[in-house]
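A.B. asks: Supplied structure: model.cif, mmCIF, C-alpha atoms and all ligand atoms.
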data_run
#
loop_
_atom_site.label_atom_id
_atom_site.label_comp_id
_atom_site.auth_asym_id
_atom_site.auth_seq_id
_atom_site.Cartn_x
_atom_site.Cartn_y
_atom_site.Cartn_z
CA MET S 1 -11.15 80.21 -73.94
CA LEU S 2 -10.44 83.79 -72.82
CA MET S 3 -12.24 85.74 -70.10
CA THR S 4 -15.05 88.15 -71.06
CA GLN S 5 -13.74 91.64 -70.32
CA THR S 6 -16.20 93.87 -68.51
CA MET S 7 -16.26 97.09 -66.56
CA ARG S 8 -18.58 98.32 -63.89
CA TRP S 9 -20.85 101.22 -64.79
CA PHE S 10 -23.00 102.97 -62.22
CA GLY S 11 -25.78 103.87 -64.64
CA PRO S 12 -26.75 107.11 -66.39
CA ASN S 13 -25.33 109.25 -63.53
CA ASP S 14 -21.87 107.70 -63.73
CA PRO S 15 -19.37 110.33 -64.94
CA VAL S 16 -17.66 107.49 -66.82
CA ARG S 17 -19.69 106.97 -69.97
CA LEU S 18 -20.52 103.77 -71.78
CA ARG S 19 -18.57 104.91 -74.82
CA ASP S 20 -15.50 105.48 -72.63
CA ILE S 21 -15.78 101.92 -71.39
CA ARG S 22 -16.03 100.70 -74.95
CA GLN S 23 -12.85 102.56 -75.87
CA ALA S 24 -11.12 100.87 -72.94
CA GLY S 25 -11.73 97.63 -74.81
CA ALA S 26 -14.33 96.01 -72.59
CA THR S 27 -17.21 94.22 -74.28
CA GLY S 28 -19.42 93.73 -71.26
CA ILE S 29 -21.04 95.92 -68.63
CA VAL S 30 -21.59 95.14 -64.98
CA THR S 31 -24.30 97.26 -63.46
CA ALA S 32 -27.39 97.44 -61.29
CA LEU S 33 -30.60 99.42 -61.06
CA HIS S 34 -29.02 101.54 -58.33
CA GLU S 35 -32.10 103.75 -58.18
CA VAL S 36 -34.36 100.92 -56.97
CA PRO S 37 -34.49 100.85 -53.16
CA ASN S 38 -33.24 97.79 -51.31
CA GLY S 39 -35.83 95.09 -51.01
CA ALA S 40 -38.01 96.38 -53.87
CA VAL S 41 -38.67 94.38 -57.04
CA TRP S 42 -36.64 95.14 -60.17
CA GLU S 43 -39.38 95.49 -62.75
CA ARG S 44 -38.94 93.92 -66.13
CA ASP S 45 -39.48 97.15 -68.07
CA ALA S 46 -36.84 99.02 -66.08
CA ILE S 47 -34.34 96.21 -66.70
CA ALA S 48 -35.16 96.18 -70.41
CA VAL S 49 -34.71 99.97 -70.74
CA ARG S 50 -31.28 99.85 -69.06
CA LYS S 51 -30.28 96.88 -71.17
CA ALA S 52 -31.22 98.69 -74.39
CA MET S 53 -29.16 101.71 -73.31
CA ILE S 54 -26.12 99.48 -72.87
CA GLU S 55 -26.68 97.69 -76.17
CA ASP S 56 -27.08 101.00 -78.00
CA ALA S 57 -23.51 101.76 -76.94
CA GLY S 58 -22.34 98.49 -78.51
CA LEU S 59 -21.95 96.69 -75.19
CA GLU S 60 -23.64 93.80 -73.43
CA TRP S 61 -25.12 93.81 -69.90
CA ARG S 62 -23.19 90.73 -68.85
CA VAL S 63 -23.48 90.70 -65.03
CA VAL S 64 -25.71 92.26 -62.38
CA GLU S 65 -23.77 93.74 -59.46
CA SER S 66 -25.49 93.78 -57.10
CA LEU S 67 -29.03 92.62 -56.57
CA PRO S 68 -28.99 93.73 -52.92
CA VAL S 69 -29.96 91.37 -50.15
CA ASP S 70 -32.04 93.41 -47.72
CA GLU S 71 -30.97 93.58 -44.08
CA GLY S 72 -34.26 91.88 -43.15
CA ILE S 73 -33.01 88.77 -44.98
CA LYS S 74 -29.56 88.96 -43.38
CA THR S 75 -31.05 89.27 -39.89
CA ARG S 76 -33.94 86.96 -40.78
CA SER S 77 -36.51 89.24 -39.29
CA GLY S 78 -39.63 91.20 -40.11
CA ASP S 79 -40.66 90.88 -43.70
CA TRP S 80 -38.50 87.89 -44.61
CA ASP S 81 -41.14 86.12 -46.72
CA ARG S 82 -42.07 89.25 -48.65
CA LEU S 83 -38.39 90.14 -49.24
CA ILE S 84 -37.65 86.63 -50.52
CA ASP S 85 -40.65 86.84 -52.83
CA HIS S 86 -39.32 90.15 -54.17
CA TYR S 87 -35.86 88.68 -54.70
CA ARG S 88 -37.29 85.76 -56.64
CA ARG S 89 -39.38 88.10 -58.78
CA SER S 90 -36.37 90.27 -59.57
CA LEU S 91 -34.44 87.15 -60.62
CA THR S 92 -37.34 86.08 -62.84
CA HIS S 93 -37.41 89.49 -64.52
CA LEU S 94 -33.64 89.48 -65.05
CA ALA S 95 -33.76 86.01 -66.60
CA ALA S 96 -36.58 87.13 -68.91
CA CYS S 97 -34.22 89.85 -70.14
CA GLY S 98 -31.43 87.32 -70.73
CA ILE S 99 -29.16 88.26 -67.82
CA ASP S 100 -27.80 85.19 -66.08
CA VAL S 101 -25.08 86.19 -63.58
CA VAL S 102 -26.23 88.01 -60.46
CA THR S 103 -23.84 89.22 -57.74
CA TYR S 104 -24.76 89.86 -54.12
CA ASN S 105 -23.02 90.03 -50.78
CA PHE S 106 -23.96 88.99 -47.27
CA MET S 107 -22.01 91.56 -45.23
CA PRO S 108 -23.98 93.03 -42.31
CA LEU S 109 -24.77 96.74 -42.79
CA LEU S 110 -21.55 97.86 -44.44
CA ASP S 111 -20.43 96.81 -47.89
CA TRP S 112 -16.76 97.36 -48.70
CA THR S 113 -14.97 99.58 -46.23
CA ARG S 114 -11.93 101.85 -46.51
CA THR S 115 -10.41 104.54 -44.30
CA ASP S 116 -8.66 106.63 -46.98
CA LEU S 117 -9.97 107.18 -50.51
CA ALA S 118 -7.05 109.20 -51.87
CA TRP S 119 -3.85 107.74 -50.46
CA GLU S 120 -0.95 109.03 -52.50
CA LEU S 121 1.37 106.46 -54.03
CA PRO S 122 5.06 107.32 -54.56
CA TYR S 123 4.46 108.18 -58.24
CA GLY S 124 1.48 110.47 -57.63
CA ALA S 125 -1.48 108.21 -58.37
CA ARG S 126 -4.02 107.75 -55.59
CA ALA S 127 -5.22 104.51 -54.06
CA LEU S 128 -7.84 103.31 -51.60
CA ARG S 129 -6.47 102.20 -48.26
CA PHE S 130 -7.75 100.47 -45.14
CA GLU S 131 -6.19 100.88 -41.72
CA ALA S 132 -7.58 98.86 -38.80
CA VAL S 133 -6.24 101.46 -36.35
CA ALA S 134 -8.33 104.18 -38.01
CA VAL S 135 -11.43 101.96 -37.76
CA ALA S 136 -10.69 101.39 -34.07
CA ALA S 137 -10.22 105.13 -33.50
CA TYR S 138 -13.57 105.84 -35.15
CA ASP S 139 -15.31 102.97 -33.36
CA MET S 140 -14.14 103.78 -29.82
CA PHE S 141 -13.85 107.58 -29.84
CA ILE S 142 -16.16 108.98 -32.55
CA LEU S 143 -18.93 106.41 -32.88
CA LYS S 144 -18.50 105.48 -29.21
CA ARG S 145 -20.01 102.05 -29.75
CA PRO S 146 -20.89 100.51 -26.38
CA GLY S 147 -18.42 97.73 -25.61
CA ALA S 148 -16.18 98.61 -28.56
CA GLU S 149 -12.98 98.29 -26.49
CA ALA S 150 -13.54 94.55 -26.19
CA SER S 151 -13.03 94.21 -29.99
CA TYR S 152 -9.39 95.33 -29.84
CA SER S 153 -6.08 94.28 -28.36
CA ASP S 154 -4.29 96.52 -25.84
CA ALA S 155 -1.81 97.60 -28.49
CA MET S 156 -4.57 98.45 -30.97
CA ARG S 157 -6.48 100.42 -28.33
CA ALA S 158 -3.38 102.45 -27.49
CA ALA S 159 -2.60 103.10 -31.16
CA ALA S 160 -6.19 104.13 -31.83
CA GLU S 161 -6.21 106.54 -28.92
CA LYS S 162 -3.05 108.15 -30.22
CA ARG S 163 -4.47 108.34 -33.74
CA HIS S 164 -7.69 109.93 -32.53
CA ALA S 165 -5.78 112.54 -30.51
CA SER S 166 -3.72 113.46 -33.58
CA MET S 167 -6.78 114.29 -35.71
CA ASP S 168 -8.51 117.66 -35.84
CA GLU S 169 -12.29 117.96 -36.14
CA ARG S 170 -12.18 118.05 -39.94
CA ALA S 171 -10.12 114.88 -40.09
CA ARG S 172 -12.53 113.16 -37.71
CA ILE S 173 -15.52 114.07 -39.83
CA ALA S 174 -13.71 112.96 -42.98
CA LEU S 175 -12.88 109.61 -41.41
CA GLU S 176 -16.46 109.11 -40.25
CA ARG S 177 -17.77 109.81 -43.76
CA THR S 178 -15.21 107.59 -45.43
CA ILE S 179 -16.08 104.62 -43.24
CA ILE S 180 -19.88 104.80 -43.06
CA ALA S 181 -21.28 107.15 -45.71
CA GLY S 182 -21.23 104.32 -48.28
CA LEU S 183 -18.72 103.66 -51.04
CA PRO S 184 -19.85 103.33 -54.67
CA GLY S 185 -22.08 100.35 -55.13
CA SER S 186 -22.85 100.18 -51.43
CA GLU S 187 -26.48 99.80 -50.87
CA GLU S 188 -26.72 102.00 -47.82
CA GLY S 189 -24.89 104.79 -46.05
CA PHE S 190 -25.22 105.97 -42.47
CA THR S 191 -24.59 108.81 -40.06
CA SER S 192 -23.02 107.70 -36.77
CA PRO S 193 -26.30 107.74 -34.79
CA GLN S 194 -28.02 105.74 -37.55
CA PHE S 195 -25.13 103.31 -37.65
CA LEU S 196 -25.28 102.73 -33.88
CA ALA S 197 -29.00 102.00 -34.11
CA ALA S 198 -28.44 99.66 -37.06
CA ILE S 199 -25.72 97.75 -35.19
CA GLU S 200 -28.30 97.10 -32.46
CA THR S 201 -30.41 95.13 -34.97
CA TYR S 202 -27.58 92.56 -35.04
CA ALA S 203 -27.69 91.97 -31.27
CA GLY S 204 -27.64 88.21 -30.76
CA ILE S 205 -26.55 87.46 -34.33
CA ASP S 206 -23.18 85.78 -34.15
CA ALA S 207 -21.26 84.17 -37.02
CA ALA S 208 -23.09 80.83 -36.72
CA ARG S 209 -26.47 82.54 -36.85
CA LEU S 210 -25.47 84.74 -39.81
CA ARG S 211 -24.31 81.62 -41.66
CA ASP S 212 -27.65 79.96 -40.98
CA ASN S 213 -29.43 83.05 -42.29
CA HIS S 214 -27.28 82.98 -45.42
CA VAL S 215 -28.11 79.31 -45.96
CA ALA S 216 -31.83 80.02 -45.41
CA PHE S 217 -31.65 82.75 -48.07
CA LEU S 218 -29.93 80.45 -50.55
CA GLU S 219 -32.30 77.57 -49.88
CA ALA S 220 -35.19 79.92 -50.62
CA VAL S 221 -33.85 81.48 -53.84
CA CYS S 222 -31.51 78.89 -55.42
CA PRO S 223 -34.24 76.51 -56.61
CA VAL S 224 -35.80 79.42 -58.51
CA ALA S 225 -32.42 80.51 -59.86
CA ASP S 226 -31.66 76.91 -60.92
CA ASP S 227 -34.86 76.83 -62.97
CA LEU S 228 -34.12 80.22 -64.52
CA GLY S 229 -30.54 79.26 -65.44
CA ILE S 230 -29.17 82.09 -63.29
CA ARG S 231 -25.90 81.86 -61.42
CA LEU S 232 -26.07 83.74 -58.10
CA VAL S 233 -22.55 84.69 -57.12
CA VAL S 234 -21.63 85.83 -53.64
CA HIS S 235 -19.03 88.58 -53.31
CA PRO S 236 -16.66 87.93 -50.39
CA ASP S 237 -16.36 90.21 -47.38
CA ASP S 238 -14.19 93.27 -47.88
CA PRO S 239 -12.19 93.39 -45.68
CA PRO S 240 -12.42 89.67 -44.91
CA PHE S 241 -12.73 89.88 -41.14
CA PRO S 242 -15.36 91.17 -38.69
CA ILE S 243 -15.55 94.91 -38.06
CA PHE S 244 -17.58 96.89 -35.50
CA GLY S 245 -18.29 93.64 -33.69
CA LEU S 246 -20.46 92.51 -36.63
CA PRO S 247 -19.84 88.98 -37.92
CA ARG S 248 -18.56 88.32 -41.45
CA VAL S 249 -18.90 84.82 -42.83
CA VAL S 250 -17.72 84.93 -46.46
CA SER S 251 -14.04 85.62 -45.82
CA THR S 252 -12.13 82.38 -46.43
CA GLU S 253 -12.04 79.29 -48.62
CA ALA S 254 -13.50 77.29 -45.72
CA ASP S 255 -16.42 79.75 -45.50
CA VAL S 256 -17.41 79.35 -49.13
CA ALA S 257 -16.73 75.60 -49.19
CA GLU S 258 -19.21 75.24 -46.33
CA LEU S 259 -21.76 77.32 -48.21
CA PHE S 260 -21.50 75.06 -51.28
CA ALA S 261 -21.65 71.91 -49.12
CA ARG S 262 -24.79 73.10 -47.35
CA VAL S 263 -26.52 74.40 -50.48
CA PRO S 264 -25.30 72.28 -53.40
CA ASN S 265 -27.65 73.81 -56.01
CA ALA S 266 -25.93 74.62 -59.31
CA SER S 267 -26.99 78.27 -59.05
CA ASN S 268 -25.05 78.74 -55.80
CA GLY S 269 -21.86 80.39 -57.02
CA LEU S 270 -18.98 82.68 -56.21
CA CYS S 271 -17.74 86.06 -57.36
CA PHE S 272 -14.04 85.43 -56.92
CA CYS S 273 -12.68 88.80 -55.76
CA THR S 274 -8.90 88.58 -55.47
CA GLY S 275 -8.70 91.97 -53.76
CA SER S 276 -11.09 90.93 -50.99
CA PHE S 277 -9.88 87.37 -50.35
CA GLY S 278 -6.28 88.52 -50.93
CA VAL S 279 -6.20 90.71 -47.83
CA ARG S 280 -5.72 87.49 -45.85
CA ALA S 281 -2.39 85.76 -46.34
CA ASP S 282 -4.10 82.46 -45.44
CA ASN S 283 -6.26 82.58 -48.59
CA ASP S 284 -4.32 80.72 -51.31
CA LEU S 285 -5.79 82.50 -54.34
CA PRO S 286 -4.65 80.25 -57.25
CA GLY S 287 -5.44 77.17 -55.14
CA MET S 288 -8.92 78.52 -54.51
CA VAL S 289 -9.50 78.91 -58.26
CA ASP S 290 -8.39 75.30 -58.76
CA ARG S 291 -10.55 73.92 -55.97
CA LEU S 292 -13.67 76.12 -56.25
CA GLY S 293 -13.53 75.96 -60.07
CA SER S 294 -17.00 75.39 -61.40
CA ARG S 295 -18.58 77.51 -58.64
CA ILE S 296 -16.80 80.63 -59.91
CA GLY S 297 -19.18 82.63 -62.10
CA PHE S 298 -17.54 86.05 -62.05
CA LEU S 299 -14.05 87.40 -61.41
CA HIS S 300 -13.00 90.64 -59.72
CA LEU S 301 -9.31 91.03 -60.46
CA ARG S 302 -7.23 93.46 -58.42
CA SER S 303 -4.44 93.26 -55.91
CA VAL S 304 -3.79 94.61 -52.44
CA GLU S 305 -0.52 95.15 -50.65
CA ARG S 306 -0.69 94.03 -47.05
CA GLU S 307 0.85 96.35 -44.48
CA ALA S 308 1.57 95.94 -40.76
CA ASP S 309 -1.27 96.10 -38.22
CA ASP S 310 -4.11 94.86 -40.45
CA ALA S 311 -3.71 97.68 -42.94
CA PHE S 312 -3.65 97.33 -46.71
CA HIS S 313 -3.84 99.48 -49.80
CA GLU S 314 -4.94 98.73 -53.33
CA ALA S 315 -1.86 97.97 -55.42
CA ASP S 316 -1.29 97.83 -59.17
CA HIS S 317 -3.33 95.02 -60.68
CA LEU S 318 -0.24 92.93 -61.38
CA GLY S 319 1.67 94.10 -58.29
CA GLY S 320 1.00 93.72 -54.58
CA ASP S 321 0.35 90.42 -52.87
CA ALA S 322 -2.30 88.79 -55.10
CA GLY S 323 0.17 86.90 -57.29
CA MET S 324 -1.99 87.79 -60.28
CA ALA S 325 -0.02 85.77 -62.84
CA ALA S 326 -0.68 82.54 -60.94
CA VAL S 327 -4.36 83.48 -60.48
CA VAL S 328 -4.89 84.19 -64.18
CA ALA S 329 -3.03 81.00 -65.09
CA ALA S 330 -5.42 79.06 -62.84
CA VAL S 331 -8.41 80.83 -64.42
CA HIS S 332 -7.08 79.93 -67.85
CA ARG S 333 -6.83 76.26 -66.91
CA LEU S 334 -10.37 76.38 -65.53
CA SER S 335 -11.97 78.07 -68.51
CA THR S 336 -10.10 75.86 -70.98
CA CYS S 337 -11.12 72.74 -69.11
CA GLU S 338 -14.78 73.77 -68.85
CA GLY S 339 -15.00 75.50 -72.24
CA ARG S 340 -16.49 78.57 -70.58
CA SER S 341 -15.61 82.25 -70.90
CA ILE S 342 -15.82 83.68 -67.37
CA PRO S 343 -16.71 87.38 -67.09
CA MET S 344 -14.05 89.44 -65.33
CA ARG S 345 -13.67 93.06 -64.41
CA PRO S 346 -10.68 95.06 -63.22
CA ASP S 347 -12.11 95.64 -59.76
CA HIS S 348 -11.24 99.24 -58.89
CA GLY S 349 -8.24 101.16 -60.20
CA HIS S 350 -5.99 103.97 -59.12
CA GLN S 351 -6.95 107.58 -59.68
CA MET S 352 -4.23 108.73 -62.05
CA LEU S 353 -3.26 111.11 -64.88
CA ASP S 354 -6.14 113.36 -66.00
CA ASP S 355 -8.49 111.55 -63.66
CA LEU S 356 -6.70 113.23 -60.73
CA ASN S 357 -8.56 116.39 -61.78
CA ARG S 358 -11.89 114.74 -62.48
CA THR S 359 -14.60 113.58 -60.15
CA ALA S 360 -15.57 109.96 -60.32
CA ASN S 361 -16.76 107.33 -57.91
CA PRO S 362 -13.83 106.41 -55.62
CA GLY S 363 -12.07 103.36 -57.05
CA TYR S 364 -14.03 103.69 -60.28
CA SER S 365 -12.32 106.42 -62.29
CA LEU S 366 -11.60 105.29 -65.84
CA LEU S 367 -7.87 105.51 -66.50
CA GLY S 368 -6.66 103.37 -63.61
CA ARG S 369 -9.19 100.68 -64.44
CA MET S 370 -8.26 100.92 -68.11
CA ARG S 371 -4.62 100.39 -67.20
CA GLY S 372 -5.61 97.41 -65.04
CA LEU S 373 -7.75 95.91 -67.77
CA ALA S 374 -4.99 96.33 -70.34
CA GLU S 375 -2.44 94.65 -68.10
CA LEU S 376 -4.75 91.78 -67.25
CA ARG S 377 -5.67 91.30 -70.90
CA GLY S 378 -2.00 91.12 -71.84
CA LEU S 379 -1.23 88.75 -69.01
CA GLU S 380 -4.00 86.39 -70.07
CA ARG S 381 -2.99 86.47 -73.75
CA GLY S 382 0.57 85.67 -72.78
CA ILE S 383 -0.51 82.77 -70.61
CA ALA S 384 -2.84 81.43 -73.32
CA HIS S 385 -0.08 81.70 -75.91
CA GLY S 386 2.40 79.95 -73.63
CA ALA S 387 -0.08 77.16 -72.92
CA ALA S 388 -0.79 76.65 -76.62
CA SER S 389 2.80 76.65 -77.87
C1 LIG T 1 -17.17 96.53 -54.27
C2 LIG T 1 -18.49 96.05 -53.70
O1 LIG T 1 -15.10 95.54 -54.09
C3 LIG T 1 -16.15 95.56 -54.68
O2 LIG T 1 -16.35 94.80 -55.61
O3 LIG T 1 -17.32 97.35 -55.35
O4 LIG T 1 -19.40 97.10 -53.74
C4 LIG T 1 -19.15 94.87 -54.40
O5 LIG T 1 -19.61 95.28 -55.62
C5 LIG T 1 -20.32 94.32 -53.62
O6 LIG T 1 -19.92 93.97 -52.34
C6 LIG T 1 -20.94 93.11 -54.30
O7 LIG T 1 -22.16 92.80 -53.74
MN MN T 2 -14.71 93.00 -55.53
#
As structure tokens, please, write out the structure in this file.
C.D. replies:
Amino acid sequence: MLMTQTMRWFGPNDPVRLRDIRQAGATGIVTALHEVPNGAVWERDAIAVRKAMIEDAGLEWRVVESLPVDEGIKTRSGDWDRLIDHYRRSLTHLAACGIDVVTYNFMPLLDWTRTDLAWELPYGARALRFEAVAVAAYDMFILKRPGAEASYSDAMRAAAEKRHASMDERARIALERTIIAGLPGSEEGFTSPQFLAAIETYAGIDAARLRDNHVAFLEAVCPVADDLGIRLVVHPDDPPFPIFGLPRVVSTEADVAELFARVPNASNGLCFCTGSFGVRADNDLPGMVDRLGSRIGFLHLRSVEREADDAFHEADHLGGDAGMAAVVAAVHRLSTCEGRSIPMRPDHGHQMLDDLNRTANPGYSLLGRMRGLAELRGLERGIAHGAAS
């Protein structure tokens, strides 16, 4: 059983068109009603219209990414009951339209975070990169978060001070935007004053409390998802460690194992993102596929190359530190054993070739993702052939 090949599409405003995605060889689309504000209900008609648009292009809306979890649910405050009711109604409407894999994340305030969106690789393509020292420089000297110093080691503080001093005003503004303005698919973006105020709403919420809030969310929505036949898959933290003093609790195998132990419902699943988990050398990616197996409902396949000082950049899909061949071999064993085709997407790609002169959502230009998809497709075919012969 081979994976179902999908690509992410950001809706009618995405400069990458559905027919481009079809030419890249994907059969499925991963998308969301990005125009619906966080916390509001996804109405059935709106879902049906978007679905028809995708089907008219000869593709299938295979996975929702993401049905956002409002901050009020993550902090368990304010309108929790109403927000949960909305989430359940959105799930009901999605199921009525035949969509049965729904991605979400439980990262406080920021979704995925990078510090450079156009880092030049030796052969001229551009990659997304994360540098902890740049985050520290922003945090302590631009955002000026109260108590920020306590988040960093002496060496990191010194390096961040030096980095900040080396930047001119334009570079500082660019860094601020890159970190907090919101990357594609992020549900919210901030200015620095807004971000400081938002961080305040997490006062008193440590990792244990955030975990409890995550469990409370799942306990409230999983029974409904079970009945609807929906698999709710959590996307891991990216990067998989706390930033800005905010806790992150979906970063390791132990984190997700605890989540499945505490909420055993069948609908409680995982979006296995190799690029996110793979930032940590202590996450054994193929082993996680073997052990988390049936919980995995969606695959994000990409690789990162770890650098010194908690930095990393997005590598070629088959390069870097992910060990993609072993991951795809593990996925092949899983899908063969369960007789299930798991949807996958090449999660991000380099900006390369003609795309260097085109605007697209960072990480989501077409050619780099098409290259990634082609390589992953070939890798899987090779593994399947080897296993069968
Ligand atoms: C990102 C995220 O790395 C990624 O997959 O594109 O925006 C991701 O889609 C969300 O965190 C999932 O909820
Ligand atoms: Mn991902």
A.B. asks: Might you pull out every residue within 9 Å of stretch 227-243 of chain S, with all atoms listed in the file counted and same-chain residues fewer than 4 positions away left off, and present them as a short mmCIF file (atom, residue, chain, number, x, y, z; two decimals) with C-alpha atoms, in the coordinates of the input?
C.D. replies:
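Everything below was put into result_39.cif:
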data_model
loop_
_atom_site.label_atom_id
_atom_site.label_comp_id
_atom_site.auth_asym_id
_atom_site.auth_seq_id
_atom_site.Cartn_x
_atom_site.Cartn_y
_atom_site.Cartn_z
CA LEU S 91 -34.44 87.15 -60.62
CA THR S 92 -37.34 86.08 -62.84
CA LEU S 94 -33.64 89.48 -65.05
CA ALA S 95 -33.76 86.01 -66.60
CA ALA S 96 -36.58 87.13 -68.91
CA ILE S 99 -29.16 88.26 -67.82
CA ASP S 100 -27.80 85.19 -66.08
CA VAL S 101 -25.08 86.19 -63.58
CA VAL S 102 -26.23 88.01 -60.46
CA THR S 103 -23.84 89.22 -57.74
CA TYR S 104 -24.76 89.86 -54.12
CA ASN S 105 -23.02 90.03 -50.78
CA PHE S 106 -23.96 88.99 -47.27
CA MET S 107 -22.01 91.56 -45.23
CA ASP S 111 -20.43 96.81 -47.89
CA TRP S 112 -16.76 97.36 -48.70
CA THR S 113 -14.97 99.58 -46.23
CA ARG S 114 -11.93 101.85 -46.51
CA PHE S 130 -7.75 100.47 -45.14
CA ALA S 132 -7.58 98.86 -38.80
CA VAL S 135 -11.43 101.96 -37.76
CA SER S 151 -13.03 94.21 -29.99
CA CYS S 222 -31.51 78.89 -55.42
CA PRO S 223 -34.24 76.51 -56.61
CA PRO S 247 -19.84 88.98 -37.92
CA ARG S 248 -18.56 88.32 -41.45
CA VAL S 249 -18.90 84.82 -42.83
CA VAL S 250 -17.72 84.93 -46.46
CA SER S 251 -14.04 85.62 -45.82
CA THR S 252 -12.13 82.38 -46.43
CA VAL S 256 -17.41 79.35 -49.13
CA ALA S 266 -25.93 74.62 -59.31
CA SER S 267 -26.99 78.27 -59.05
CA ASN S 268 -25.05 78.74 -55.80
CA GLY S 269 -21.86 80.39 -57.02
CA LEU S 270 -18.98 82.68 -56.21
CA CYS S 271 -17.74 86.06 -57.36
CA PHE S 272 -14.04 85.43 -56.92
CA CYS S 273 -12.68 88.80 -55.76
CA GLY S 275 -8.70 91.97 -53.76
CA SER S 276 -11.09 90.93 -50.99
CA PHE S 277 -9.88 87.37 -50.35
CA GLY S 278 -6.28 88.52 -50.93
CA VAL S 279 -6.20 90.71 -47.83
CA ARG S 280 -5.72 87.49 -45.85
CA ARG S 295 -18.58 77.51 -58.64
CA ILE S 296 -16.80 80.63 -59.91
CA GLY S 297 -19.18 82.63 -62.10
CA PHE S 298 -17.54 86.05 -62.05
#
A.B. asks: Rank S:Ala325, S:Met167, S:Leu110, S:Leu117 by their smallest atom-to-atom distance to S:Gly189, using all atoms listed in the file, and report the top residue only.
C.D. replies: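 Nearest candidate to S:Gly189 out of S:Ala325, S:Met167, S:Leu110, S:Leu117: S:Leu110.
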A.B. asks: Do you know which residues lie at most 9 Å from (-19.7, 106.8, -39.9), with coordinates as in the file and only C-alpha atoms counted, and could you write them as a ChimeraX atom specification?
C.D. replies: /S:138-139,142-143,173,175-182,189-195
A.B. asks: Mind pulling up the distance from atom CA of S:His214 to atom CA of S:Arg62?
C.D. replies: 25.0 Å
A.B. asks: Kindly indicate which residue among S:Ala360, S:Leu67, S:Leu334, S:Met344 lies nearest to ligand LIG 1 (chain T), using all atoms listed in the file for the distances.
C.D. replies: S:Leu67
A.B. asks: Nearest to ligand LIG 1 (chain T) among S:Lys51, S:Arg126, S:Arg345, S:Arg44, with distances taken over all atoms listed in the file: which residue is it?
C.D. replies: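 Ranked by minimum distance to ligand LIG 1 (chain T), first place goes to S:Arg345.
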A.B. asks: Find the residues near S:Ser77: any atom within 10 Å, counting all atoms listed in the file, skip ones fewer than 4 places away on the same chain, and give them as a ChimeraX atom specification.
C.D. replies: /S:71-73,81,201,213
A.B. asks: Quick one: write out the picked residues with C-alpha atoms as a PDB file, in the frame of the given file?
C.D. replies:
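Done, and the output landed in again_28.pdb:
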ATOM      1  CA  GLU S  71     -30.970  93.580 -44.080  1.00  0.00           C
ATOM      2  CA  GLY S  72     -34.260  91.880 -43.150  1.00  0.00           C
ATOM      3  CA  ILE S  73     -33.010  88.770 -44.980  1.00  0.00           C
ATOM      4  CA  ASP S  81     -41.140  86.120 -46.720  1.00  0.00           C
ATOM      5  CA  THR S 201     -30.410  95.130 -34.970  1.00  0.00           C
ATOM      6  CA  ASN S 213     -29.430  83.050 -42.290  1.00  0.00           C
TER       7      ASN S 213
END
A.B. asks: What is the atom CA of S:Ala155 to atom CA of S:Phe141 distance in Å?
C.D. replies: 15.7 Å
A.B. asks: So that I can check the surroundings of S:Ala40, please list as a list in words every protein, DNA and RNA residue that reaches within 12 Å of it, counting all atoms listed in the file and ignoring chain neighbours fewer than 5 positions away.
C.D. replies: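 Skipping anything fewer than 5 positions along the chain leaves Leu33, His34, Glu35, Leu67, Pro68, Val69, Asp70, Asp79, Arg82, Leu83, Ile84, Asp85, His86, Tyr87, Arg88, Arg89, Ser90 and Leu91 of chain S.
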A.B. asks: What's around S:Thr31 at 9 Å? Count all atoms listed in the file, leave out sequence neighbours fewer than 5 positions away in its own chain, and write the answer as a PyMOL selection string.
C.D. replies: chain S and resi 7-11+61-66
A.B. asks: So which one's closest to ligand MN 2 (chain T), S:Arg302, S:Arg211, S:His317, S:His332? Using all atoms listed in the file, please.
C.D. replies: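 Answer, going by the shortest atom-to-atom distance: S:Arg302.
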A.B. asks: Mind giving me the straight-line distance from atom CA of S:Asp206 to atom O5 of ligand LIG 1 (chain T) in Å, one decimal?
C.D. replies: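 For atom CA of S:Asp206 relative to atom O5 of ligand LIG 1 (chain T), the distance reads 23.7 Å.
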A.B. asks: Rank nothing, just name the residue among S:Asp284, S:Asp309, S:Glu131, S:Glu188 nearest to ligand LIG 1 (chain T), using only C-alpha atoms and all ligand atoms.
C.D. replies: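 Using only C-alpha atoms and all ligand atoms, ligand LIG 1 (chain T) sits closest to S:Glu188.
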A.B. asks: What lies within 10 Å of S:Met156 using all atoms listed in the file, ignoring chain neighbours under 6 positions off, as an mmCIF file with C-alpha atoms, in the frame of the given file?
C.D. replies:
data_model
loop_
_atom_site.group_PDB
_atom_site.id
_atom_site.type_symbol
_atom_site.label_atom_id
_atom_site.label_comp_id
_atom_site.auth_asym_id
_atom_site.auth_seq_id
_atom_site.Cartn_x
_atom_site.Cartn_y
_atom_site.Cartn_z
ATOM 1 C CA ALA S 132 -7.580 98.860 -38.800
ATOM 2 C CA VAL S 133 -6.240 101.460 -36.350
ATOM 3 C CA ALA S 134 -8.330 104.180 -38.010
ATOM 4 C CA ALA S 136 -10.690 101.390 -34.070
ATOM 5 C CA ALA S 137 -10.220 105.130 -33.500
ATOM 6 C CA GLU S 149 -12.980 98.290 -26.490
ATOM 7 C CA LYS S 162 -3.050 108.150 -30.220
ATOM 8 C CA ASP S 309 -1.270 96.100 -38.220
#
A.B. asks: Show me the residues around (-31.6, 83.8, -44.1) - criterion: an atom at most 7 Å away, all atoms listed in the file counted - as a list of chain:residue names.
C.D. replies: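 Protein and nucleic acid residues near the point are S:Ile73, S:Lys74, S:Thr75, S:Arg76, S:Asp212, S:Asn213, S:His214, S:Val215, S:Ala216, S:Phe217.
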